[in-house]
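Student: I have a structure here, written as structure tokens, and I will follow up with some questions on it.
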Amino acid sequence: MSRISAARGVWLPVAAWAVTRAVVLLCVLRVLVLPGPDVTTDVSVIYQGWFDVLKTGTFPLADVTWQYPPAAALAILSPGLLPFLDYAPAFSTLILLTDGVVLALFLRAGRRPGHRPAGAWVWIAGVALLGPTAYARYDLMVTAVAVAALFAAVRRPRVAGALIALGALLKVWPALLLTGAAGRGRRARALWWSAAGTAAGLTLFFVAAAPGALAFLTFQRDRGTEVESLGALAFHFARQFGWQGQVLLNYGSLEFLGPGVPVAGTVALTLSLAAVGWLFLWRVRARELGHATLCEAAFTATLLFTTTSRVISPQYMLWLVGLAAVCVTVRACRQTLPAVLVLLATGVTLLEFPVRFADVVASDPKGVALLVVRNGLLVAASLLACRRLWASTRDGGPGEDGRGDEPGDGAGVVGARKPADGMAPAAPRLTAAVAAVRKRATAG
């Protein structure tokens with residue numbers, strides 16, 4: 001019976017994955033056509049254009065839409081590994097393979113003590129809920145690196161550090177995985193040194209390999225308030241009362257331009273800095289770092305920065321889905337409700353992009369309502385995640401002893417503190433021995 005249950009535990013999620021991914025691919029191939037804009041043009045037009053430029057030995061210096069760290073070139077060039085396919089089909093094939101690898105990681109992790117298979121289902125549902133956008137951006141590749149890094153941190157901190165560095169040079173945000181990696185232990189030092197060394201080495205390599213490796217810093221700095229962001233809601237409502245701004249394609253996305261937009265950008269930056277301040281305060285005040293802290297902190301930090309960003313592109317939801325799935329996989333983690341809210345927000349994201357994106361751009365009440373719901377879910381998930389992360393490291397919640405799930409694991413969160421009362425079980429025996437000595441001395 002146990003073998004039958006184990007087989008069901010593998011084949012059922014694999015079957016669900018296969019069915020949902022078949023539907024996603026049919027949408028990508030335009031066999032099933034969703035209302036709204038064609039989400040695949042980013043691959044067939046923008047990515048392929050960058051591919052042609054990168055093959056010449058330089059980064060796309062003349063294209064302000066290139067706003068990615070230098071390792072992103074690896075993702076854009078990767079379809080060249082399948083020369084027998086055109087660029088777009090090759091890209092989709094590689095995304096499908098990467099998606100399958102991530103599912104395998106969750107299924108493998110779910111069988112370990114202290115873990116559960118629910119994370120695989122979160123991943124299956126989350127990618128499906130985002131629809132064809134998940135396969136039309138390279139963010140799924142970045143999320144795969146982040147998931148692998150979190151699972152590797154338990155036993156292979158050096159590997160985890162290298163993966164975090166690679167992820168950060170693919171799309172910056174995986175650097176947030178270091179939020180919960182703290183402490184003075186050997187594992188903490190190994191992770192931090194590995195991440196720093198790999199990041200420095202890769203950056204030097206890309207700078208030496210091709211001109212324009214760091215051009216993304218300027219292009220990203222000049223971005224405005226994208227129409228799907230939290231701050232954009234103010235202008236969607238203002239347009240109902242005669243606001244004179246407009247929506248234009250700017251730096252590769254549709255952004256609000258007009259009176260008050262720079263102020264909204266400043267407010268978004270201020271909120272992001274406030275998130276940094278809260279995370280710093282949490283780390284200073286944290287008393288107990290359990291083996292779930294690494295993934296909880298990474299999920300919370302990424303939620304905060306995504307929600308307060310000037311840009312909340314639909315593909316950003318993949319980051320949150322991946323980290324939410326890791327949190328749900330670890331039994332000691334307290335982020336299940338925020339993870340559910342992220343899944344709901346991902347489903348609403350499909351409705352606002354691409355299905356009702358024209359309504360969003362026009363500030364139509366239907367489109368604005370979808371944005372209010374989606375962004376409201378992200379705000380609620382962020383606040384709940386913060387509260388639960390704070391509680392889990394203040395009140396000695398599940399996993400507070402910092403020990404791994406298996407013998408010899410060590411701390412699941414790198415550098416987790418060992419319990420101060422580690423010798424407590426010996427205390428009764430010690431007290432009894434002292435009493436016996438005193439009794440003999442009295443008798444003598």
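Residues are named by chain letter and number: chains run A, B, ... in the order of the structure tokens, numbers start at 1 in each chain, and ligands are numbered from 1 in the order shown.
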For the structure I just gave you, how does DSSP split segment 48-285 of chain A - specifically, which residues are alpha helix (DSSP H)? Reply as number ranges by chain.
Tutor: A: 48-54, 72-77, 87-110, 118-130, 139-152, 157-171, 186-209, 216-221, 232-239, 261-285
Student: Could you build a table of the residues in segment 141-245 of chain A lying no more than 9 Å from segment 322-327 of chain A, giving for each the nearest pair of atoms and their separation in Å rounded to one decimal place, using only C-alpha atoms, ordered by chain and ascending residue number, as a tab-separated table?
Tutor:
residue	atom	partner	partner_atom	distance
A:Thr143	CA	A:Gly322	CA	6.1
A:Ala144	CA	A:Gly322	CA	7.7
A:Ala146	CA	A:Leu323	CA	7.9
A:Val147	CA	A:Gly322	CA	6.5
A:Leu150	CA	A:Val326	CA	7.7
A:Phe151	CA	A:Val326	CA	8.1
Student: Selected residues, N, CA and C atoms, written as a CSV table (one decimal), in the first residue's frame, please.
Tutor:
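Written output follows (result.csv):
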chain,number,residue,atom,x,y,z
A,143,THR,N,13.3,32.0,-11.5
A,143,THR,CA,12.6,31.4,-10.4
A,143,THR,C,13.1,30.0,-10.1
A,144,ALA,N,13.5,29.2,-11.2
A,144,ALA,CA,14.0,27.9,-11.0
A,144,ALA,C,15.3,27.9,-10.3
A,146,ALA,N,16.3,30.3,-8.1
A,146,ALA,CA,16.0,30.6,-6.7
A,146,ALA,C,15.5,29.5,-5.9
A,147,VAL,N,14.6,28.7,-6.5
A,147,VAL,CA,14.0,27.5,-5.8
A,147,VAL,C,15.2,26.5,-5.5
A,150,LEU,N,17.3,27.7,-2.6
A,150,LEU,CA,16.7,27.5,-1.2
A,150,LEU,C,16.7,26.1,-0.8
A,151,PHE,N,16.5,25.1,-1.7
A,151,PHE,CA,16.6,23.7,-1.3
A,151,PHE,C,18.0,23.3,-1.1
Student: Excluding Gly9 of chain A and its own-chain neighbours fewer than 5 positions away, which residues fall within 12 Å of it when counting only C-alpha atoms? Please give them as a ChimeraX atom specification.
Tutor: /A:2-4,14-16,106-108,110-111,116-118,120-121
Student: For segment 77-80 of chain A, work out the shell of residues within 7 Å, counting only C-alpha atoms and skipping chain neighbours fewer than 2 positions away, then give it as a list in words.
Tutor: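 The filter keeps Phe51, Ala73, Leu74, Ala75, Leu82, Pro83, Tyr87, Ala90 and Phe91 of chain A.
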Student: Dump as CSV the rows for residues of segment 211-311 of chain A within 10 Å of segment 331-345 of chain A: closest atom pair and distance in Å with one decimal, only C-alpha atoms counted, ordered by chain and rising residue number.
Tutor:
residue,atom,partner,partner_atom,distance
A:Gly290,CA,A:Ala332,CA,8.2
A:His291,CA,A:Ala332,CA,7.6
A:Ala292,CA,A:Cys333,CA,5.2
A:Thr293,CA,A:Cys333,CA,7.6
A:Leu294,CA,A:Cys333,CA,9.7
A:Cys295,CA,A:Cys333,CA,8.1
A:Glu296,CA,A:Cys333,CA,6.7
A:Phe299,CA,A:Gln335,CA,8.6
A:Thr300,CA,A:Gln335,CA,8.9
A:Leu303,CA,A:Val342,CA,9.1
Student: Residues within 9 Å of Asp139 of chain A, please, as a ChimeraX atom specification. Count only C-alpha atoms; anything in the same chain fewer than 5 positions from it doesn't count.
Tutor: /A:134,144,170-171,315-316,318-319
Student: So which residues of segment 110-274 of chain A fall under strand (DSSP E) by DSSP, listed as a PyMOL selection string?
Tutor: chain A and resi 225-226+246-250+253-257
